[in-house]
file work_38.cif (mmCIF, C-alpha atoms)
data_coords
#
loop_
_atom_site.label_atom_id
_atom_site.label_comp_id
_atom_site.auth_asym_id
_atom_site.auth_seq_id
_atom_site.Cartn_x
_atom_site.Cartn_y
_atom_site.Cartn_z
CA MET A 265 0.00 0.00 0.00
CA PHE A 266 0.96 3.67 -0.08
CA ASN A 267 3.87 4.91 2.02
CA SER A 268 2.79 5.48 5.63
CA THR A 269 4.27 8.97 5.43
CA PHE A 270 1.12 9.97 3.55
CA SER A 271 -1.35 7.93 5.61
CA HIS A 272 -3.10 11.16 6.62
CA LEU A 273 -4.40 11.52 3.07
CA PRO A 274 -7.97 10.32 2.36
CA ALA A 275 -8.45 6.62 1.67
CA LEU A 276 -10.20 5.20 -1.38
CA GLU A 277 -13.10 3.40 0.30
CA PRO A 278 -14.94 0.31 -0.97
CA GLY A 279 -18.03 1.21 -2.97
CA SER A 280 -16.71 4.63 -3.97
CA VAL A 281 -15.20 6.18 -7.08
CA TRP A 282 -12.33 8.60 -7.46
CA LEU A 283 -12.22 10.62 -10.70
CA VAL A 284 -8.50 11.24 -11.04
CA GLY A 285 -6.44 13.35 -13.41
CA ALA A 286 -3.22 11.65 -14.52
CA GLY A 287 -1.65 14.82 -15.89
CA PRO A 288 -0.25 15.27 -19.40
CA GLY A 289 2.03 12.25 -19.47
CA ASP A 290 5.01 12.22 -17.14
CA PRO A 291 4.07 10.04 -14.12
CA GLY A 292 6.11 12.40 -11.97
CA LEU A 293 3.34 14.95 -12.45
CA LEU A 294 0.76 12.80 -10.65
CA THR A 295 -0.46 14.30 -7.40
CA LEU A 296 0.20 12.47 -4.15
CA LEU A 297 -3.50 11.77 -3.83
CA ALA A 298 -3.60 10.29 -7.34
CA ALA A 299 -0.66 8.01 -6.53
CA LYS A 300 -2.30 6.92 -3.27
CA GLY A 301 -5.53 6.14 -5.10
CA LEU A 302 -3.67 4.08 -7.68
CA ALA A 303 -2.06 2.07 -4.90
CA GLU A 304 -5.41 1.38 -3.21
CA ALA A 305 -7.80 0.83 -6.12
CA ASP A 306 -9.35 -2.56 -6.82
CA VAL A 307 -10.25 -1.47 -10.36
CA ILE A 308 -8.66 1.24 -12.50
CA VAL A 309 -10.78 2.37 -15.43
CA HIS A 310 -8.41 4.33 -17.67
CA ASP A 311 -8.30 6.37 -20.86
CA ALA A 312 -6.13 6.05 -23.95
CA LEU A 313 -4.04 9.11 -23.08
CA VAL A 314 -2.90 7.78 -19.70
CA ASN A 315 0.81 6.98 -19.71
CA GLU A 316 1.35 3.27 -19.00
CA ASP A 317 4.03 4.24 -16.47
CA CYS A 318 1.26 5.74 -14.33
CA LEU A 319 -0.51 2.38 -14.29
CA ARG A 320 2.57 0.73 -12.84
CA LEU A 321 1.74 2.44 -9.56
CA ALA A 322 -1.31 0.19 -9.21
CA HIS A 323 -1.03 -2.61 -6.67
CA PRO A 324 -0.43 -6.06 -8.23
CA GLY A 325 -3.97 -7.32 -7.71
CA ALA A 326 -5.72 -4.36 -9.30
CA GLU A 327 -7.88 -4.88 -12.39
CA LEU A 328 -7.17 -2.55 -15.32
CA GLU A 329 -10.05 -1.70 -17.63
CA TYR A 330 -9.33 0.24 -20.82
CA VAL A 331 -12.11 2.55 -22.04
CA GLY A 332 -10.08 4.83 -24.27
CA LYS A 333 -11.67 7.16 -26.78
CA ARG A 334 -9.63 8.04 -29.88
CA GLY A 335 -11.01 9.97 -32.82
CA GLY A 336 -12.09 7.78 -35.74
CA LYS A 337 -11.55 4.52 -33.87
CA PRO A 338 -14.05 2.18 -32.20
CA SER A 339 -14.47 3.21 -28.58
CA ALA A 340 -16.74 2.80 -25.60
CA LYS A 341 -19.76 5.07 -25.40
CA GLN A 342 -19.64 7.67 -22.66
CA ARG A 343 -22.88 6.52 -21.05
CA ASP A 344 -21.60 2.94 -20.92
CA ILE A 345 -18.39 4.11 -19.21
CA SER A 346 -20.34 6.08 -16.63
CA LEU A 347 -22.67 3.16 -15.91
CA ARG A 348 -19.69 0.83 -15.58
CA LEU A 349 -18.36 3.01 -12.77
CA VAL A 350 -21.71 2.70 -11.02
CA GLU A 351 -21.72 -1.07 -11.50
CA LEU A 352 -18.24 -1.52 -10.07
CA ALA A 353 -18.93 0.70 -7.07
CA ARG A 354 -22.17 -1.16 -6.30
CA ALA A 355 -20.14 -4.37 -6.28
CA GLY A 356 -18.12 -2.93 -3.40
CA LYS A 357 -15.00 -2.19 -5.41
CA ARG A 358 -12.60 0.64 -4.80
CA VAL A 359 -12.85 2.31 -8.21
CA LEU A 360 -10.37 4.74 -9.68
CA ARG A 361 -11.33 6.42 -12.95
CA LEU A 362 -8.01 7.60 -14.41
CA LYS A 363 -8.18 10.28 -17.07
CA GLY A 364 -5.44 12.07 -18.97
CA GLY A 365 -4.83 15.65 -17.88
CA ASP A 366 -7.57 16.95 -15.60
CA PRO A 367 -10.98 15.24 -15.40
CA PHE A 368 -12.85 18.55 -15.62
CA VAL A 369 -10.93 20.07 -18.56
CA PHE A 370 -12.44 18.59 -21.74
CA GLY A 371 -12.35 15.24 -19.96
CA ARG A 372 -16.04 14.38 -19.49
CA GLY A 373 -15.42 14.13 -15.77
CA GLY A 374 -18.49 16.22 -15.07
CA GLU A 375 -20.70 13.80 -16.99
CA GLU A 376 -19.34 10.82 -15.08
CA ALA A 377 -19.70 12.57 -11.73
CA LEU A 378 -23.32 13.46 -12.50
CA MET A 379 -24.06 9.79 -13.21
CA LEU A 380 -22.55 8.84 -9.85
CA VAL A 381 -24.70 11.43 -8.11
CA GLU A 382 -27.79 10.10 -9.87
CA HIS A 383 -27.07 6.62 -8.49
CA ASN A 384 -25.98 7.77 -5.00
CA ILE A 385 -22.38 6.61 -5.42
CA PRO A 386 -19.87 8.45 -3.21
CA PHE A 387 -17.05 10.01 -5.20
CA ARG A 388 -14.03 12.30 -4.99
CA ILE A 389 -12.51 14.53 -7.66
CA VAL A 390 -8.70 14.47 -7.79
CA PRO A 391 -7.57 17.26 -10.14
CA GLY A 392 -4.65 16.73 -12.50
CA ILE A 393 -2.35 19.01 -14.46
CA THR A 394 -4.10 19.69 -17.75
CA ALA A 395 -2.10 19.24 -20.95
CA GLY A 396 -2.86 22.80 -22.03
CA ILE A 397 -0.67 24.03 -19.17
CA GLY A 398 1.66 21.17 -18.22
CA GLY A 399 2.19 19.90 -21.75
CA LEU A 400 3.13 23.35 -22.97
CA ALA A 401 5.45 23.81 -19.99
CA TYR A 402 7.30 20.66 -21.06
CA ALA A 403 7.72 22.29 -24.47
CA GLY A 404 9.12 25.45 -22.89
CA ILE A 405 6.03 27.53 -23.67
CA PRO A 406 4.32 29.42 -20.83
CA VAL A 407 0.60 30.04 -21.27
CA THR A 408 1.00 33.48 -19.68
CA HIS A 409 3.93 35.86 -19.68
CA ARG A 410 3.77 39.36 -18.26
CA GLU A 411 5.22 40.99 -21.36
CA VAL A 412 2.92 39.09 -23.71
CA ASN A 413 -0.55 38.44 -22.30
CA HIS A 414 -2.89 38.89 -19.36
CA THR A 415 -5.54 36.54 -20.72
CA VAL A 416 -5.56 33.07 -22.21
CA THR A 417 -8.38 31.07 -23.81
CA PHE A 418 -8.69 27.28 -23.70
CA LEU A 419 -10.94 25.64 -26.26
CA THR A 420 -11.63 22.30 -27.92
CA GLY A 421 -11.08 21.87 -31.64
CA HIS A 422 -14.03 19.51 -32.11
CA ASP A 423 -17.34 18.76 -30.47
CA SER A 424 -19.10 15.44 -29.78
CA SER A 425 -19.89 15.05 -33.49
CA GLY A 426 -16.21 15.37 -34.43
CA ILE A 427 -16.46 18.75 -36.17
CA VAL A 428 -15.28 22.23 -35.22
CA PRO A 429 -17.79 23.54 -32.64
CA ASP A 430 -20.17 26.05 -34.22
CA ARG A 431 -20.88 27.64 -30.85
CA ILE A 432 -17.37 29.08 -30.59
CA ASP A 433 -17.30 32.81 -31.27
CA TRP A 434 -14.10 32.79 -33.31
CA GLU A 435 -14.24 36.50 -34.00
CA ALA A 436 -14.46 37.37 -30.30
CA ILE A 437 -11.69 34.96 -29.36
CA GLY A 438 -9.49 36.03 -32.26
CA LYS A 439 -9.79 39.68 -31.32
CA GLY A 440 -9.85 39.33 -27.54
CA SER A 441 -7.42 36.59 -26.51
CA PRO A 442 -3.67 37.11 -27.09
CA VAL A 443 -2.98 33.42 -26.40
CA ILE A 444 -5.24 30.57 -27.50
CA VAL A 445 -4.65 26.99 -26.34
CA MET A 446 -6.53 24.30 -28.24
CA TYR A 447 -7.19 20.67 -27.44
CA MET A 448 -8.08 18.14 -30.17
CA ALA A 449 -7.51 20.75 -32.87
CA MET A 450 -4.86 19.25 -35.15
CA LYS A 451 -7.33 17.48 -37.43
CA HIS A 452 -9.22 20.72 -38.09
CA ILE A 453 -6.33 23.16 -38.10
CA ALA A 454 -7.07 24.36 -41.65
CA GLN A 455 -10.55 25.56 -40.72
CA ILE A 456 -9.46 26.89 -37.34
CA SER A 457 -6.56 28.85 -38.84
CA ALA A 458 -8.87 30.32 -41.46
CA ASN A 459 -11.36 31.31 -38.77
CA LEU A 460 -8.70 33.07 -36.72
CA ILE A 461 -7.17 34.88 -39.68
CA ALA A 462 -10.66 35.99 -40.73
CA SER A 463 -11.07 37.43 -37.23
CA GLY A 464 -8.00 39.59 -37.73
CA ARG A 465 -5.10 37.44 -36.49
CA SER A 466 -1.92 37.83 -38.49
CA PRO A 467 -0.90 34.89 -40.72
CA SER A 468 2.62 35.37 -39.34
CA GLU A 469 1.57 34.82 -35.72
CA PRO A 470 3.53 32.00 -34.05
CA VAL A 471 1.88 28.62 -33.55
CA ALA A 472 3.20 25.48 -31.87
CA PHE A 473 1.96 21.89 -31.93
CA VAL A 474 3.06 19.81 -28.95
CA CYS A 475 2.49 16.12 -29.68
CA ASN A 476 2.62 13.40 -27.00
CA ALA A 477 3.35 16.11 -24.47
CA ALA A 478 5.39 15.34 -21.36
CA THR A 479 6.34 11.86 -22.57
CA GLY A 480 9.49 10.39 -24.06
CA ALA A 481 7.82 10.65 -27.47
CA GLN A 482 7.16 14.38 -27.22
CA GLN A 483 7.62 16.32 -30.47
CA VAL A 484 7.15 20.04 -31.02
CA LEU A 485 6.43 21.78 -34.31
CA GLU A 486 6.79 25.56 -34.49
CA THR A 487 5.21 27.36 -37.40
CA THR A 488 2.86 30.26 -38.13
CA LEU A 489 -0.88 30.57 -38.36
CA GLY A 490 -0.77 31.02 -42.13
CA GLN A 491 1.51 28.04 -42.69
CA ALA A 492 0.11 25.74 -40.00
CA THR A 493 -1.85 23.41 -42.27
CA GLU A 494 1.01 22.80 -44.69
CA ALA A 495 3.54 22.47 -41.87
CA VAL A 496 1.53 19.82 -40.04
CA THR A 497 0.97 17.84 -43.23
CA ALA A 498 4.65 17.97 -44.13
CA SER A 499 5.75 17.00 -40.61
CA GLY A 500 3.77 13.77 -40.51
CA LEU A 501 2.93 14.41 -36.86
CA GLU A 502 -0.21 12.83 -35.43
CA PRO A 503 -2.46 13.54 -32.45
CA PRO A 504 -2.64 13.68 -29.51
CA ALA A 505 -1.49 17.27 -29.61
CA VAL A 506 -1.98 20.58 -27.88
CA VAL A 507 -1.93 23.60 -30.15
CA VAL A 508 -1.03 27.10 -28.94
CA VAL A 509 -1.39 30.34 -30.88
CA GLY A 510 0.31 33.51 -29.68
CA GLU A 511 3.54 35.36 -29.09
CA VAL A 512 4.36 33.14 -26.08
CA VAL A 513 5.50 30.54 -28.61
CA ARG A 514 8.58 32.72 -29.26
CA LEU A 515 9.70 32.07 -25.68
CA ARG A 516 10.43 28.44 -26.51
CA ALA A 517 13.78 29.56 -27.92
CA SER A 518 14.64 30.72 -24.39
CA LEU A 519 12.70 28.27 -22.22
CA ASP A 520 13.04 24.88 -23.92
CA TRP A 521 14.47 23.32 -20.78
CA LEU A 522 14.15 19.76 -22.08
CA GLY A 523 16.06 20.77 -25.19
CA ALA A 524 18.71 22.36 -23.00
CA LEU A 525 19.14 19.08 -21.11
CA ALA A 526 19.84 17.48 -24.50
CA GLY A 527 22.39 20.14 -25.44
CA ARG A 528 20.33 22.95 -26.99
CA ARG A 529 21.76 26.39 -26.32
CA LEU A 530 19.00 28.64 -25.06
CA GLN A 531 18.71 32.24 -26.25
CA PRO A 532 18.17 35.36 -24.13
CA ASP A 533 14.63 36.64 -23.53
CA PRO A 534 13.44 37.59 -27.04
CA PHE A 535 11.17 40.40 -25.82
CA ARG A 536 13.59 42.11 -23.46
CA GLN A 537 16.35 41.85 -26.05
CA SER A 538 14.21 43.68 -28.58
CA GLY A 539 12.58 46.04 -26.10
CA GLN A 540 9.21 44.75 -27.28
CA VAL A 541 6.33 44.90 -24.85
CA LEU A 542 3.15 43.29 -26.15
CA ALA A 543 0.73 43.50 -23.23
#
call {"tool": "encode", "arguments": {"input": "work_38.cif", "output": "structure tokens"}}
result
Amino acid sequence: MFNSTFSHLPALEPGSVWLVGAGPGDPGLLTLLAAKGLAEADVIVHDALVNEDCLRLAHPGAELEYVGKRGGKPSAKQRDISLRLVELARAGKRVLRLKGGDPFVFGRGGEEALMLVEHNIPFRIVPGITAGIGGLAYAGIPVTHREVNHTVTFLTGHDSSGIVPDRIDWEAIGKGSPVIVMYMAMKHIAQISANLIASGRSPSEPVAFVCNAATGAQQVLETTLGQATEAVTASGLEPPAVVVVGEVVRLRASLDWLGALAGRRLQPDPFRQSGQVLA
């Protein structure tokens, strides 16, 4: 079981469910409570984007159930996943629902929690580091920087039908948010780029795609809004990816700490060097 040093933390009780965020990839980014839950769970119901190294923290007798959802591939229906959590809890199991990133950030955690409430199943939410923050940090890109932006917008690149959401006010976001972080947007980047340029964003604005963020397979593509579609196609990169639009992308040349560990020479602050203040 979990180290006695952390025995004061809540216990995962039989007949209950923990909805846990696994973070963007690196198991070192799991919270202590997430690690304790993994060590105590009888059943771990996990997504496709959960790093397998996180699952190694489960105790040897734990059952692992895969319910991953990947675009264009056969996957479990959300209602069936939610009802499975109810079924397992009613059987007296200690249930840990492990989701990539944070369960409440484009993770359907709210839907699953509502189902548990409907069936009177006790539950706990264990937040995780969302990929739109932690994944970008592993690429050396801060989502906020005092000399660049005082606001940031997080959005999803597709809705439940798999298309770009028509309820997004692209004009308002394009004009009002200096930095835009997008989940599940790579497939529709042509339309999204066109929408943002139509709203007044410059085609030369920096864009970065961070694929398999915070894992050993992480890859980062830097391009511009106007060239994003062609650059992604030429790169051969595939989802999962987080996409960020904004001047903060320029800071990667200075803050790519993983690259520096591999020998990259980091540059001085690009904004202070030029005297440019954007906010």
call {"tool": "resolve_selection", "arguments": {"input": "work_38.cif", "expression": "the PyMOL selection byres ((chain A and resi 359-376) around 9)", "output": "VMD selection string"}}
result
chain A and resid 276 to 289 298 301 to 302 304 to 315 342 to 343 345 to 347 349 352 to 353 356 to 358 377 to 381 389 to 396 398 419 to 420 447
call {"tool": "write_last_selection", "arguments": {"input": "work_38.cif", "atoms": "C-alpha atoms", "output": "PDB file, in the frame of the given file"}}
result
ATOM      1  CA  LEU A 276     -10.200   5.200  -1.380  1.00  0.00           C
ATOM      2  CA  GLU A 277     -13.100   3.400   0.300  1.00  0.00           C
ATOM      3  CA  PRO A 278     -14.940   0.310  -0.970  1.00  0.00           C
ATOM      4  CA  GLY A 279     -18.030   1.210  -2.970  1.00  0.00           C
ATOM      5  CA  SER A 280     -16.710   4.630  -3.970  1.00  0.00           C
ATOM      6  CA  VAL A 281     -15.200   6.180  -7.080  1.00  0.00           C
ATOM      7  CA  TRP A 282     -12.330   8.600  -7.460  1.00  0.00           C
ATOM      8  CA  LEU A 283     -12.220  10.620 -10.700  1.00  0.00           C
ATOM      9  CA  VAL A 284      -8.500  11.240 -11.040  1.00  0.00           C
ATOM     10  CA  GLY A 285      -6.440  13.350 -13.410  1.00  0.00           C
ATOM     11  CA  ALA A 286      -3.220  11.650 -14.520  1.00  0.00           C
ATOM     12  CA  GLY A 287      -1.650  14.820 -15.890  1.00  0.00           C
ATOM     13  CA  PRO A 288      -0.250  15.270 -19.400  1.00  0.00           C
ATOM     14  CA  GLY A 289       2.030  12.250 -19.470  1.00  0.00           C
ATOM     15  CA  ALA A 298      -3.600  10.290  -7.340  1.00  0.00           C
ATOM     16  CA  GLY A 301      -5.530   6.140  -5.100  1.00  0.00           C
ATOM     17  CA  LEU A 302      -3.670   4.080  -7.680  1.00  0.00           C
ATOM     18  CA  GLU A 304      -5.410   1.380  -3.210  1.00  0.00           C
ATOM     19  CA  ALA A 305      -7.800   0.830  -6.120  1.00  0.00           C
ATOM     20  CA  ASP A 306      -9.350  -2.560  -6.820  1.00  0.00           C
ATOM     21  CA  VAL A 307     -10.250  -1.470 -10.360  1.00  0.00           C
ATOM     22  CA  ILE A 308      -8.660   1.240 -12.500  1.00  0.00           C
ATOM     23  CA  VAL A 309     -10.780   2.370 -15.430  1.00  0.00           C
ATOM     24  CA  HIS A 310      -8.410   4.330 -17.670  1.00  0.00           C
ATOM     25  CA  ASP A 311      -8.300   6.370 -20.860  1.00  0.00           C
ATOM     26  CA  ALA A 312      -6.130   6.050 -23.950  1.00  0.00           C
ATOM     27  CA  LEU A 313      -4.040   9.110 -23.080  1.00  0.00           C
ATOM     28  CA  VAL A 314      -2.900   7.780 -19.700  1.00  0.00           C
ATOM     29  CA  ASN A 315       0.810   6.980 -19.710  1.00  0.00           C
ATOM     30  CA  GLN A 342     -19.640   7.670 -22.660  1.00  0.00           C
ATOM     31  CA  ARG A 343     -22.880   6.520 -21.050  1.00  0.00           C
ATOM     32  CA  ILE A 345     -18.390   4.110 -19.210  1.00  0.00           C
ATOM     33  CA  SER A 346     -20.340   6.080 -16.630  1.00  0.00           C
ATOM     34  CA  LEU A 347     -22.670   3.160 -15.910  1.00  0.00           C
ATOM     35  CA  LEU A 349     -18.360   3.010 -12.770  1.00  0.00           C
ATOM     36  CA  LEU A 352     -18.240  -1.520 -10.070  1.00  0.00           C
ATOM     37  CA  ALA A 353     -18.930   0.700  -7.070  1.00  0.00           C
ATOM     38  CA  GLY A 356     -18.120  -2.930  -3.400  1.00  0.00           C
ATOM     39  CA  LYS A 357     -15.000  -2.190  -5.410  1.00  0.00           C
ATOM     40  CA  ARG A 358     -12.600   0.640  -4.800  1.00  0.00           C
ATOM     41  CA  ALA A 377     -19.700  12.570 -11.730  1.00  0.00           C
ATOM     42  CA  LEU A 378     -23.320  13.460 -12.500  1.00  0.00           C
ATOM     43  CA  MET A 379     -24.060   9.790 -13.210  1.00  0.00           C
ATOM     44  CA  LEU A 380     -22.550   8.840  -9.850  1.00  0.00           C
ATOM     45  CA  VAL A 381     -24.700  11.430  -8.110  1.00  0.00           C
ATOM     46  CA  ILE A 389     -12.510  14.530  -7.660  1.00  0.00           C
ATOM     47  CA  VAL A 390      -8.700  14.470  -7.790  1.00  0.00           C
ATOM     48  CA  PRO A 391      -7.570  17.260 -10.140  1.00  0.00           C
ATOM     49  CA  GLY A 392      -4.650  16.730 -12.500  1.00  0.00           C
ATOM     50  CA  ILE A 393      -2.350  19.010 -14.460  1.00  0.00           C
ATOM     51  CA  THR A 394      -4.100  19.690 -17.750  1.00  0.00           C
ATOM     52  CA  ALA A 395      -2.100  19.240 -20.950  1.00  0.00           C
ATOM     53  CA  GLY A 396      -2.860  22.800 -22.030  1.00  0.00           C
ATOM     54  CA  GLY A 398       1.660  21.170 -18.220  1.00  0.00           C
ATOM     55  CA  LEU A 419     -10.940  25.640 -26.260  1.00  0.00           C
ATOM     56  CA  THR A 420     -11.630  22.300 -27.920  1.00  0.00           C
ATOM     57  CA  TYR A 447      -7.190  20.670 -27.440  1.00  0.00           C
TER      58      TYR A 447
END
call {"tool": "atom_distance", "arguments": {"input": "work_38.cif", "atom1": "atom CA of A:Val443", "atom2": "atom CA of A:Ala403"}}
result
15.6 Å
call {"tool": "resolve_selection", "arguments": {"input": "work_38.cif", "expression": "the PyMOL selection byres ((chain A and resi 513) around 10)", "output": "VMD selection string"}}
result
chain A and resid 400 403 to 407 443 469 to 473 486 to 488 508 to 512 514 to 517 519
call {"tool": "atom_distance", "arguments": {"input": "work_38.cif", "atom1": "atom CA of A:Glu411", "atom2": "atom CA of A:Ala462"}}
result
25.5 Å
call {"tool": "resolve_selection", "arguments": {"input": "work_38.cif", "expression": "the PyMOL selection byres ((chain A and resi 476) around 10)", "output": "list of chain:residue names"}}
result
A:Pro288, A:Gly289, A:Leu313, A:Asn315, A:Ala395, A:Gly399, A:Phe473, A:Val474, A:Cys475, A:Ala477, A:Ala478, A:Thr479, A:Gly480, A:Ala481, A:Gln482, A:Gln483, A:Val484, A:Leu501, A:Glu502, A:Pro503, A:Pro504, A:Ala505, A:Val506
call {"tool": "write_last_selection", "arguments": {"input": "work_38.cif", "atoms": "C-alpha atoms", "output": "PDB file, keeping the file's coordinate frame"}}
result
ATOM      1  CA  PRO A 288      -0.250  15.270 -19.400  1.00  0.00           C
ATOM      2  CA  GLY A 289       2.030  12.250 -19.470  1.00  0.00           C
ATOM      3  CA  LEU A 313      -4.040   9.110 -23.080  1.00  0.00           C
ATOM      4  CA  ASN A 315       0.810   6.980 -19.710  1.00  0.00           C
ATOM      5  CA  ALA A 395      -2.100  19.240 -20.950  1.00  0.00           C
ATOM      6  CA  GLY A 399       2.190  19.900 -21.750  1.00  0.00           C
ATOM      7  CA  PHE A 473       1.960  21.890 -31.930  1.00  0.00           C
ATOM      8  CA  VAL A 474       3.060  19.810 -28.950  1.00  0.00           C
ATOM      9  CA  CYS A 475       2.490  16.120 -29.680  1.00  0.00           C
ATOM     10  CA  ALA A 477       3.350  16.110 -24.470  1.00  0.00           C
ATOM     11  CA  ALA A 478       5.390  15.340 -21.360  1.00  0.00           C
ATOM     12  CA  THR A 479       6.340  11.860 -22.570  1.00  0.00           C
ATOM     13  CA  GLY A 480       9.490  10.390 -24.060  1.00  0.00           C
ATOM     14  CA  ALA A 481       7.820  10.650 -27.470  1.00  0.00           C
ATOM     15  CA  GLN A 482       7.160  14.380 -27.220  1.00  0.00           C
ATOM     16  CA  GLN A 483       7.620  16.320 -30.470  1.00  0.00           C
ATOM     17  CA  VAL A 484       7.150  20.040 -31.020  1.00  0.00           C
ATOM     18  CA  LEU A 501       2.930  14.410 -36.860  1.00  0.00           C
ATOM     19  CA  GLU A 502      -0.210  12.830 -35.430  1.00  0.00           C
ATOM     20  CA  PRO A 503      -2.460  13.540 -32.450  1.00  0.00           C
ATOM     21  CA  PRO A 504      -2.640  13.680 -29.510  1.00  0.00           C
ATOM     22  CA  ALA A 505      -1.490  17.270 -29.610  1.00  0.00           C
ATOM     23  CA  VAL A 506      -1.980  20.580 -27.880  1.00  0.00           C
TER      24      VAL A 506
END
call {"tool": "atom_distance", "arguments": {"input": "work_38.cif", "atom1": "atom CA of A:Ala401", "atom2": "atom CA of A:Ser457"}}
result
22.9 Å
call {"tool": "closest_residue", "arguments": {"input": "work_38.cif", "among": "A:Gly421, A:Gly325, A:Pro442, A:Gly332", "to": "A:Ala303", "atoms": "all atoms listed in the file"}}
result
A:Gly325
call {"tool": "closest_residue", "arguments": {"input": "work_38.cif", "among": "A:Leu319, A:Ala492, A:Ile427, A:Val416", "to": "A:Ile453", "atoms": "all atoms listed in the file"}}
result
A:Ala492
call {"tool": "closest_residue", "arguments": {"input": "work_38.cif", "among": "A:Pro429, A:Phe535, A:Phe270, A:Ala326", "to": "A:Val412", "atoms": "only C-alpha atoms"}}
result
A:Phe535
call {"tool": "residues_around", "arguments": {"input": "work_38.cif", "residues": "A:Arg465", "least_positions_apart": "5", "cutoff": "8 Å", "atoms": "all atoms listed in the file", "output": "PyMOL selection string"}}
result
chain A and resi 438-439+460
